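Student: Provided herewith: my_file-v1.cif, mmCIF, C-alpha atoms.
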```
data_protein
loop_
_atom_site.label_atom_id
_atom_site.label_comp_id
_atom_site.auth_asym_id
_atom_site.auth_seq_id
_atom_site.Cartn_x
_atom_site.Cartn_y
_atom_site.Cartn_z
CA MET A 212 -8.64 9.80 -9.29
CA LYS A 213 -7.30 11.87 -12.16
CA LEU A 214 -7.26 11.07 -15.87
CA ILE A 215 -3.55 10.70 -16.60
CA ASN A 216 -3.80 9.46 -20.21
CA LYS A 217 -6.31 8.77 -22.95
CA LEU A 218 -5.69 6.59 -26.00
CA PRO A 219 -8.43 7.13 -28.60
CA ASN A 220 -9.02 4.40 -31.17
CA PRO A 221 -11.75 5.77 -33.45
CA ASP A 222 -10.91 3.38 -36.29
CA ASN A 223 -11.67 0.44 -33.98
CA LYS A 224 -14.48 2.31 -32.21
CA PHE A 225 -13.11 2.22 -28.69
CA ASP A 226 -11.15 4.51 -26.39
CA LEU A 227 -8.92 3.75 -23.40
CA TYR A 228 -8.82 5.92 -20.27
CA PHE A 229 -6.09 5.59 -17.63
CA LEU A 230 -6.82 6.90 -14.13
CA ALA A 231 -4.68 7.12 -11.01
CA TYR A 232 -4.21 9.15 -7.86
CA ASP A 233 -1.88 11.97 -8.79
CA SER A 234 -1.85 14.54 -6.01
CA PRO A 235 1.51 15.56 -4.49
CA LYS A 236 0.78 13.01 -1.75
CA ALA A 237 0.33 10.14 -4.22
CA VAL A 238 2.97 7.40 -4.23
CA SER A 239 4.01 7.90 -7.86
CA HIS A 240 2.93 11.52 -8.36
CA GLY A 241 4.19 13.04 -11.60
CA ASN A 242 5.66 9.83 -13.03
CA HIS A 243 5.12 8.89 -16.66
CA TRP A 244 1.80 7.08 -16.97
CA THR A 245 3.52 3.75 -17.71
CA ASP A 246 5.83 4.08 -14.70
CA ARG A 247 3.25 3.92 -11.92
CA GLU A 248 1.51 1.52 -9.63
CA GLY A 249 -2.21 1.44 -9.02
CA ILE A 250 -3.63 2.50 -12.40
CA ILE A 251 -7.16 1.69 -13.56
CA GLU A 252 -7.74 1.35 -17.30
CA LEU A 253 -11.29 1.89 -18.50
CA THR A 254 -12.29 0.70 -21.97
CA HIS A 255 -15.28 2.33 -23.65
CA ASN A 256 -16.71 0.75 -26.79
CA TYR A 257 -18.57 3.33 -28.85
CA GLY A 258 -22.34 3.17 -28.63
CA THR A 259 -22.73 1.07 -25.48
CA GLU A 260 -23.98 4.14 -23.61
CA ASP A 261 -26.97 4.30 -25.97
CA ASP A 262 -27.87 0.61 -25.69
CA PRO A 263 -30.38 0.07 -22.86
CA ASN A 264 -29.73 -3.69 -22.94
CA TYR A 265 -25.94 -3.45 -22.67
CA LYS A 266 -24.37 -4.50 -19.40
CA ILE A 267 -21.11 -5.98 -18.25
CA THR A 268 -20.53 -9.03 -16.06
CA ASN A 269 -18.91 -7.88 -12.82
CA GLY A 270 -17.20 -11.19 -12.04
CA ASN A 271 -19.17 -11.88 -8.87
CA THR A 272 -22.26 -13.63 -10.17
CA ASP A 273 -22.55 -17.29 -11.14
CA PRO A 274 -21.77 -18.79 -13.58
CA PHE A 275 -19.37 -15.99 -14.54
CA LYS A 276 -17.30 -15.53 -11.40
CA GLY A 277 -13.62 -14.66 -11.78
CA PHE A 278 -12.65 -11.04 -11.29
CA GLY A 279 -13.67 -9.90 -7.84
CA HIS A 280 -13.07 -6.22 -7.15
CA LEU A 281 -10.81 -3.21 -7.07
CA CYS A 282 -9.78 -1.83 -3.69
CA ILE A 283 -9.19 1.74 -2.58
CA SER A 284 -7.56 2.50 0.76
CA VAL A 285 -8.60 5.76 2.43
CA ASP A 286 -7.55 8.04 5.26
CA ASN A 287 -10.76 8.03 7.34
CA LEU A 288 -12.90 5.01 6.52
CA GLN A 289 -16.22 6.08 8.01
CA ALA A 290 -16.03 9.57 6.50
CA ALA A 291 -15.01 8.21 3.09
CA CYS A 292 -17.96 5.81 3.03
CA GLN A 293 -20.32 8.58 4.11
CA ARG A 294 -19.03 10.76 1.27
CA LEU A 295 -19.83 7.99 -1.24
CA GLU A 296 -23.27 7.42 0.26
CA ASP A 297 -24.04 11.15 0.20
CA ALA A 298 -23.09 11.18 -3.49
CA GLY A 299 -25.81 8.60 -4.13
CA TYR A 300 -23.71 5.54 -4.91
CA LYS A 301 -25.07 2.12 -3.99
CA PHE A 302 -23.26 -0.26 -1.68
CA GLN A 303 -22.87 -4.00 -2.00
CA LYS A 304 -21.84 -3.97 1.67
CA LYS A 305 -21.84 -1.07 4.09
CA LEU A 306 -19.51 -0.93 7.09
CA THR A 307 -22.42 -1.81 9.36
CA ASP A 308 -23.39 -4.93 7.36
CA GLY A 309 -22.27 -8.37 8.50
CA ARG A 310 -19.40 -9.17 10.83
CA MET A 311 -16.59 -7.38 9.00
CA LYS A 312 -16.96 -3.79 10.18
CA HIS A 313 -13.64 -2.64 8.73
CA ILE A 314 -14.42 -2.98 5.01
CA ALA A 315 -17.15 -1.78 2.67
CA PHE A 316 -17.98 -2.45 -0.98
CA VAL A 317 -19.40 0.33 -3.15
CA LEU A 318 -20.75 -0.28 -6.66
CA ASP A 319 -19.44 1.74 -9.59
CA PRO A 320 -21.83 2.76 -12.43
CA ASP A 321 -21.30 -0.56 -14.25
CA GLY A 322 -21.82 -2.68 -11.15
CA TYR A 323 -18.16 -3.48 -10.48
CA TRP A 324 -17.36 -3.90 -6.80
CA VAL A 325 -14.92 -1.42 -5.25
CA GLU A 326 -13.68 -2.37 -1.79
CA VAL A 327 -12.96 0.49 0.59
CA ILE A 328 -10.50 -0.06 3.45
CA GLY A 329 -8.88 2.25 5.97
CA GLN A 330 -5.25 3.19 6.41
CA LYS A 331 -5.82 3.76 10.15
CA PRO A 332 -7.55 1.83 12.95
CA LEU A 333 -11.33 2.31 13.03
CA GLU A 334 -11.29 3.68 16.56
CA GLN A 335 -9.05 6.53 15.41
CA THR A 336 -11.40 7.59 12.63
CA GLU A 337 -14.90 6.92 13.98
CA ASN A 338 -15.48 10.56 14.99
CA VAL A 339 -13.67 12.13 12.03
CA LYS A 340 -16.04 13.82 9.58
CA GLU A 341 -13.58 14.80 6.85
CA THR A 342 -11.81 12.74 4.22
CA ASN A 343 -9.02 13.88 1.90
CA THR A 344 -8.97 12.11 -1.48
CA ASP A 345 -5.36 13.26 -1.99
CA THR A 346 -4.35 10.52 0.47
CA TYR A 347 -6.24 7.68 -1.22
CA ARG A 348 -4.46 4.68 -2.76
CA MET A 349 -5.48 2.33 -5.58
CA ASN A 350 -4.56 -0.57 -3.32
CA HIS A 351 -5.25 -3.84 -5.14
CA THR A 352 -7.10 -5.85 -7.77
CA MET A 353 -8.69 -9.12 -6.65
CA LEU A 354 -8.82 -12.21 -8.87
CA ARG A 355 -10.14 -15.65 -7.97
CA VAL A 356 -7.82 -18.57 -8.70
CA LYS A 357 -8.52 -22.30 -8.98
CA ASP A 358 -5.24 -23.67 -7.54
CA LYS A 359 -3.33 -21.52 -5.07
CA ASP A 360 -0.01 -23.34 -5.49
CA VAL A 361 -0.04 -23.14 -9.28
CA SER A 362 -1.09 -19.48 -9.27
CA LEU A 363 1.32 -18.40 -6.54
CA ASN A 364 4.17 -20.07 -8.39
CA PHE A 365 3.18 -18.32 -11.62
CA TYR A 366 2.97 -14.83 -10.14
CA LYS A 367 6.11 -15.24 -8.04
CA ASP A 368 8.40 -17.21 -10.38
CA VAL A 369 7.21 -16.02 -13.79
CA MET A 370 5.94 -12.51 -13.01
CA GLY A 371 8.55 -11.81 -10.32
CA MET A 372 6.13 -10.70 -7.59
CA LYS A 373 6.63 -11.08 -3.86
CA LEU A 374 4.06 -12.56 -1.51
CA LYS A 375 3.45 -9.67 0.87
CA ARG A 376 0.61 -10.98 3.02
CA THR A 377 -1.46 -14.14 3.54
CA SER A 378 -4.88 -14.20 5.20
CA GLU A 379 -6.15 -17.70 5.96
CA ASN A 380 -9.85 -18.17 6.69
CA PRO A 381 -10.42 -21.90 7.29
CA ASN A 382 -13.82 -21.43 8.91
CA ALA A 383 -15.06 -19.68 5.77
CA GLY A 384 -13.17 -21.99 3.39
CA PHE A 385 -10.94 -19.50 1.60
CA ASN A 386 -7.50 -17.85 1.73
CA LEU A 387 -6.28 -14.48 0.44
CA TYR A 388 -2.81 -13.84 -0.95
CA PHE A 389 -1.49 -10.32 -1.57
CA LEU A 390 1.36 -9.99 -4.05
CA GLY A 391 3.29 -7.07 -5.47
CA TYR A 392 6.65 -5.56 -6.28
CA GLY A 393 9.02 -3.61 -4.07
CA ALA A 394 9.81 -4.02 -0.39
CA ASP A 395 8.42 -6.78 1.80
CA ALA A 396 5.52 -5.95 4.12
CA PRO A 397 5.00 -7.09 7.71
CA GLU A 398 2.50 -9.88 8.15
CA GLN A 399 0.67 -7.98 10.84
CA ILE A 400 0.97 -4.81 12.90
CA ALA A 401 -0.20 -4.03 16.38
CA ASN A 402 -3.01 -1.60 15.58
CA GLY A 403 -4.95 -4.14 13.53
CA VAL A 404 -4.79 -2.30 10.21
CA ASN A 405 -4.15 -4.34 7.08
CA PRO A 406 -0.33 -4.13 6.81
CA VAL A 407 -0.50 -3.43 3.08
CA ALA A 408 -3.30 -0.84 3.26
CA ASP A 409 -0.93 1.99 2.37
CA SER A 410 0.43 0.18 -0.70
CA GLU A 411 -0.49 0.64 -4.35
CA GLY A 412 -0.90 -1.73 -7.26
CA LEU A 413 -1.12 -5.03 -5.38
CA LEU A 414 -2.70 -8.22 -6.68
CA GLU A 415 -5.01 -10.14 -4.35
CA LEU A 416 -5.61 -13.79 -5.18
CA THR A 417 -8.63 -15.47 -3.61
CA TRP A 418 -8.56 -19.25 -3.37
CA ASN A 419 -11.68 -21.15 -2.33
CA TYR A 420 -10.82 -24.51 -0.79
CA GLY A 421 -11.34 -27.52 -3.03
CA THR A 422 -11.56 -25.86 -6.44
CA GLU A 423 -8.16 -27.31 -7.36
CA ARG A 424 -9.56 -30.84 -7.07
CA ASP A 425 -12.35 -30.28 -9.60
CA ALA A 426 -11.01 -31.04 -13.09
CA ASN A 427 -13.95 -29.26 -14.73
CA PHE A 428 -13.84 -26.14 -12.58
CA LYS A 429 -12.75 -22.85 -14.15
CA TYR A 430 -13.28 -19.14 -13.65
CA HIS A 431 -14.63 -16.71 -16.23
CA ASN A 432 -11.81 -14.55 -17.62
CA GLY A 433 -13.97 -11.52 -18.45
CA ASN A 434 -13.03 -11.56 -22.15
CA ASP A 435 -15.32 -14.35 -23.23
CA GLU A 436 -19.00 -13.49 -23.47
CA PRO A 437 -20.44 -11.96 -21.36
CA GLN A 438 -17.56 -9.49 -21.17
CA GLY A 439 -16.45 -7.36 -18.26
CA PHE A 440 -12.99 -7.32 -16.67
CA GLY A 441 -10.25 -7.37 -19.31
CA HIS A 442 -6.75 -7.86 -17.90
CA ILE A 443 -4.17 -6.84 -15.38
CA CYS A 444 -1.02 -5.14 -16.73
CA ILE A 445 2.67 -5.39 -15.84
CA SER A 446 5.10 -2.71 -17.04
CA VAL A 447 8.69 -3.85 -17.55
CA ASP A 448 12.08 -2.19 -17.99
CA ASP A 449 13.05 -3.91 -21.28
CA LEU A 450 10.10 -5.22 -23.23
CA ASP A 451 12.03 -7.48 -25.61
CA ALA A 452 14.14 -8.97 -22.82
CA ALA A 453 11.11 -9.49 -20.59
CA CYS A 454 9.18 -11.27 -23.31
CA ALA A 455 12.22 -13.45 -24.09
CA ARG A 456 12.35 -14.36 -20.40
CA PHE A 457 8.64 -15.22 -20.41
CA GLU A 458 9.24 -17.37 -23.48
CA ASP A 459 12.00 -19.22 -21.62
CA LYS A 460 9.59 -19.72 -18.72
CA GLY A 461 7.19 -21.46 -21.08
CA VAL A 462 4.26 -19.08 -20.76
CA ASN A 463 1.16 -19.40 -22.88
CA TRP A 464 0.73 -16.37 -25.12
CA LYS A 465 -2.48 -14.60 -26.07
CA LYS A 466 -0.42 -12.21 -28.24
CA ARG A 467 3.31 -12.08 -28.82
CA LEU A 468 5.08 -8.80 -29.64
CA THR A 469 5.36 -9.91 -33.25
CA ASP A 470 1.64 -10.64 -33.60
CA GLY A 471 -0.66 -8.08 -35.22
CA ARG A 472 0.01 -4.39 -35.74
CA MET A 473 0.82 -3.43 -32.15
CA LYS A 474 4.48 -4.37 -31.77
CA ASN A 475 4.98 -2.72 -28.39
CA ILE A 476 2.52 -4.75 -26.34
CA ALA A 477 2.08 -8.43 -25.52
CA PHE A 478 -0.48 -10.50 -23.65
CA VAL A 479 0.32 -13.54 -21.52
CA LEU A 480 -2.31 -16.05 -20.44
CA GLY A 481 -2.30 -16.34 -16.67
CA MET A 482 -3.94 -19.11 -14.69
CA SER A 483 -7.43 -17.68 -15.15
CA HIS A 484 -6.96 -14.21 -16.65
CA ILE A 485 -4.99 -12.26 -19.25
CA ILE A 486 -1.88 -10.23 -18.37
CA CYS A 487 -0.86 -7.30 -20.54
CA ILE A 488 2.90 -6.63 -20.82
CA HIS A 489 4.23 -3.27 -21.93
CA GLY A 490 7.43 -1.32 -21.49
CA THR A 491 7.97 1.56 -19.11
CA LYS A 492 7.59 4.86 -20.98
CA LEU A 493 6.41 3.16 -24.15
CA MET A 494 3.01 3.89 -25.61
CA SER A 495 0.81 0.78 -25.66
#
```
Using the file provided, produce a representation of the structure as structure tokens.
Tutor:
Amino acid sequence: MKLINKLPNPDNKFDLYFLAYDSPKAVSHGNHWTDREGIIELTHNYGTEDDPNYKITNGNTDPFKGFGHLCISVDNLQAACQRLEDAGYKFQKKLTDGRMKHIAFVLDPDGYWVEVIGQKPLEQTENVKETNTDTYRMNHTMLRVKDKDVSLNFYKDVMGMKLKRTSENPNAGFNLYFLGYGADAPEQIANGVNPVADSEGLLELTWNYGTERDANFKYHNGNDEPQGFGHICISVDDLDAACARFEDKGVNWKKRLTDGRMKNIAFVLGMSHIICIHGTKLMS
């Protein structure tokens, strides 16, 4: 990835870093940083690097499960994973682990899981030794949700996303739902590759069967202690109009545009996480 913007906040003792794939082969190469899909925002609070006891919650350990992972899709899966291993990064799951031989999970320096998937069938890339990071995609962000119907309705009706793919896994007791903007995607293709592997900026919702029936069940949102994942972000064409629409939809607000000093950014409370709303080509 490339650093496409930095927003320093020395008065509040934190900085924001925005990273994306930005080679000529990238989907939104050269666009303004707010007019892209597949951006990762890193927040650094001053001094944490000097605190040996500081650590984040990665969203995958009880009792603080919620956020699951980021996902990068790559040109040649085996070569890409070998490149990461050669660089000394640890894996939560290698390609050879378990039954799913077509995905891997590498750990970033804070322990967040990063899924790695291929854009081509495994048999086409098993003997390829090279990988070109210019072709990589920031494919999706995975969040766990308590009630699939409530969450799907929220992201489709309120946030305007399309359901692009569903993966049902009854034997394992969970389903996956991939949502995003833009054109529809085929449910499946003949070569076995994930049909949305070449996309950017998708949202993957993971629903574990039965959680919707437990009145006391909830996921950790990453903003309560212990902290980790912060929010997903939607950029909109007209910020005032979009927020008025959300108001009409009856959303729960974490921060309205009129709250606080930052008048060009809002936060909506999703089903289990926070959603940042800012305008295209407006500084947040």
Student: If we count all atoms listed in the file and set the cut-off at 12 Å, which residues sit around range 391-393 of chain A, ignoring sequence neighbours fewer than 2 positions away in its own chain? Please answer as a PyMOL selection string.
Tutor: chain A and resi 247-249+350-352+363+366-367+370-376+388-389+395-396+407+410-416+445-447
Student: Go ahead and write the selection's residues with C-alpha atoms as a PDB file, in the coordinates of the input.
Tutor:
```
ATOM      1  CA  ARG A 247       3.250   3.920 -11.920  1.00  0.00           C
ATOM      2  CA  GLU A 248       1.510   1.520  -9.630  1.00  0.00           C
ATOM      3  CA  GLY A 249      -2.210   1.440  -9.020  1.00  0.00           C
ATOM      4  CA  ASN A 350      -4.560  -0.570  -3.320  1.00  0.00           C
ATOM      5  CA  HIS A 351      -5.250  -3.840  -5.140  1.00  0.00           C
ATOM      6  CA  THR A 352      -7.100  -5.850  -7.770  1.00  0.00           C
ATOM      7  CA  LEU A 363       1.320 -18.400  -6.540  1.00  0.00           C
ATOM      8  CA  TYR A 366       2.970 -14.830 -10.140  1.00  0.00           C
ATOM      9  CA  LYS A 367       6.110 -15.240  -8.040  1.00  0.00           C
ATOM     10  CA  MET A 370       5.940 -12.510 -13.010  1.00  0.00           C
ATOM     11  CA  GLY A 371       8.550 -11.810 -10.320  1.00  0.00           C
ATOM     12  CA  MET A 372       6.130 -10.700  -7.590  1.00  0.00           C
ATOM     13  CA  LYS A 373       6.630 -11.080  -3.860  1.00  0.00           C
ATOM     14  CA  LEU A 374       4.060 -12.560  -1.510  1.00  0.00           C
ATOM     15  CA  LYS A 375       3.450  -9.670   0.870  1.00  0.00           C
ATOM     16  CA  ARG A 376       0.610 -10.980   3.020  1.00  0.00           C
ATOM     17  CA  TYR A 388      -2.810 -13.840  -0.950  1.00  0.00           C
ATOM     18  CA  PHE A 389      -1.490 -10.320  -1.570  1.00  0.00           C
ATOM     19  CA  ASP A 395       8.420  -6.780   1.800  1.00  0.00           C
ATOM     20  CA  ALA A 396       5.520  -5.950   4.120  1.00  0.00           C
ATOM     21  CA  VAL A 407      -0.500  -3.430   3.080  1.00  0.00           C
ATOM     22  CA  SER A 410       0.430   0.180  -0.700  1.00  0.00           C
ATOM     23  CA  GLU A 411      -0.490   0.640  -4.350  1.00  0.00           C
ATOM     24  CA  GLY A 412      -0.900  -1.730  -7.260  1.00  0.00           C
ATOM     25  CA  LEU A 413      -1.120  -5.030  -5.380  1.00  0.00           C
ATOM     26  CA  LEU A 414      -2.700  -8.220  -6.680  1.00  0.00           C
ATOM     27  CA  GLU A 415      -5.010 -10.140  -4.350  1.00  0.00           C
ATOM     28  CA  LEU A 416      -5.610 -13.790  -5.180  1.00  0.00           C
ATOM     29  CA  ILE A 445       2.670  -5.390 -15.840  1.00  0.00           C
ATOM     30  CA  SER A 446       5.100  -2.710 -17.040  1.00  0.00           C
ATOM     31  CA  VAL A 447       8.690  -3.850 -17.550  1.00  0.00           C
TER      32      VAL A 447
END
```
Student: I'd like to see the residues matched by the PyMOL selection byres ((chain A and resi 356) around 10) on this file, and ideally I'd get them as an MDAnalysis selection string.
Tutor: chainID A and resid 277:278 353:355 357:363 415:419 422:423 429:430 481:484
Student: Report, in Å to a single decimal, how far apart CA of Ile328 in chain A and CA of Tyr300 in chain A are.
Tutor: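 Atom-to-atom, CA of Tyr300 in chain A to CA of Ile328 in chain A, that is 16.6 Å.
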Student: Within 7 Å of (-0.5, -10.0, -17.0) (file coordinates; only C-alpha atoms), which protein or nucleic acid residues are there? I'd like them as a PyMOL selection string.
Tutor: chain A and resi 442-445+478-479+481+485-488
Student: Evaluating the PyMOL selection byres ((chain A and resi 467) around 9) on the displayed file yields which residues, as an mmCIF file with C-alpha atoms, keeping the file's coordinate frame?
Tutor:
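Resulting contents of selection_34.cif:
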```cif
data_model
loop_
_atom_site.group_PDB
_atom_site.id
_atom_site.type_symbol
_atom_site.label_atom_id
_atom_site.label_comp_id
_atom_site.auth_asym_id
_atom_site.auth_seq_id
_atom_site.Cartn_x
_atom_site.Cartn_y
_atom_site.Cartn_z
ATOM 1 C CA CYS A 454 9.180 -11.270 -23.310
ATOM 2 C CA TRP A 464 0.730 -16.370 -25.120
ATOM 3 C CA LYS A 465 -2.480 -14.600 -26.070
ATOM 4 C CA LYS A 466 -0.420 -12.210 -28.240
ATOM 5 C CA LEU A 468 5.080 -8.800 -29.640
ATOM 6 C CA THR A 469 5.360 -9.910 -33.250
ATOM 7 C CA ASP A 470 1.640 -10.640 -33.600
ATOM 8 C CA GLY A 471 -0.660 -8.080 -35.220
ATOM 9 C CA LYS A 474 4.480 -4.370 -31.770
ATOM 10 C CA ILE A 476 2.520 -4.750 -26.340
ATOM 11 C CA ALA A 477 2.080 -8.430 -25.520
ATOM 12 C CA PHE A 478 -0.480 -10.500 -23.650
ATOM 13 C CA VAL A 479 0.320 -13.540 -21.520
#
```
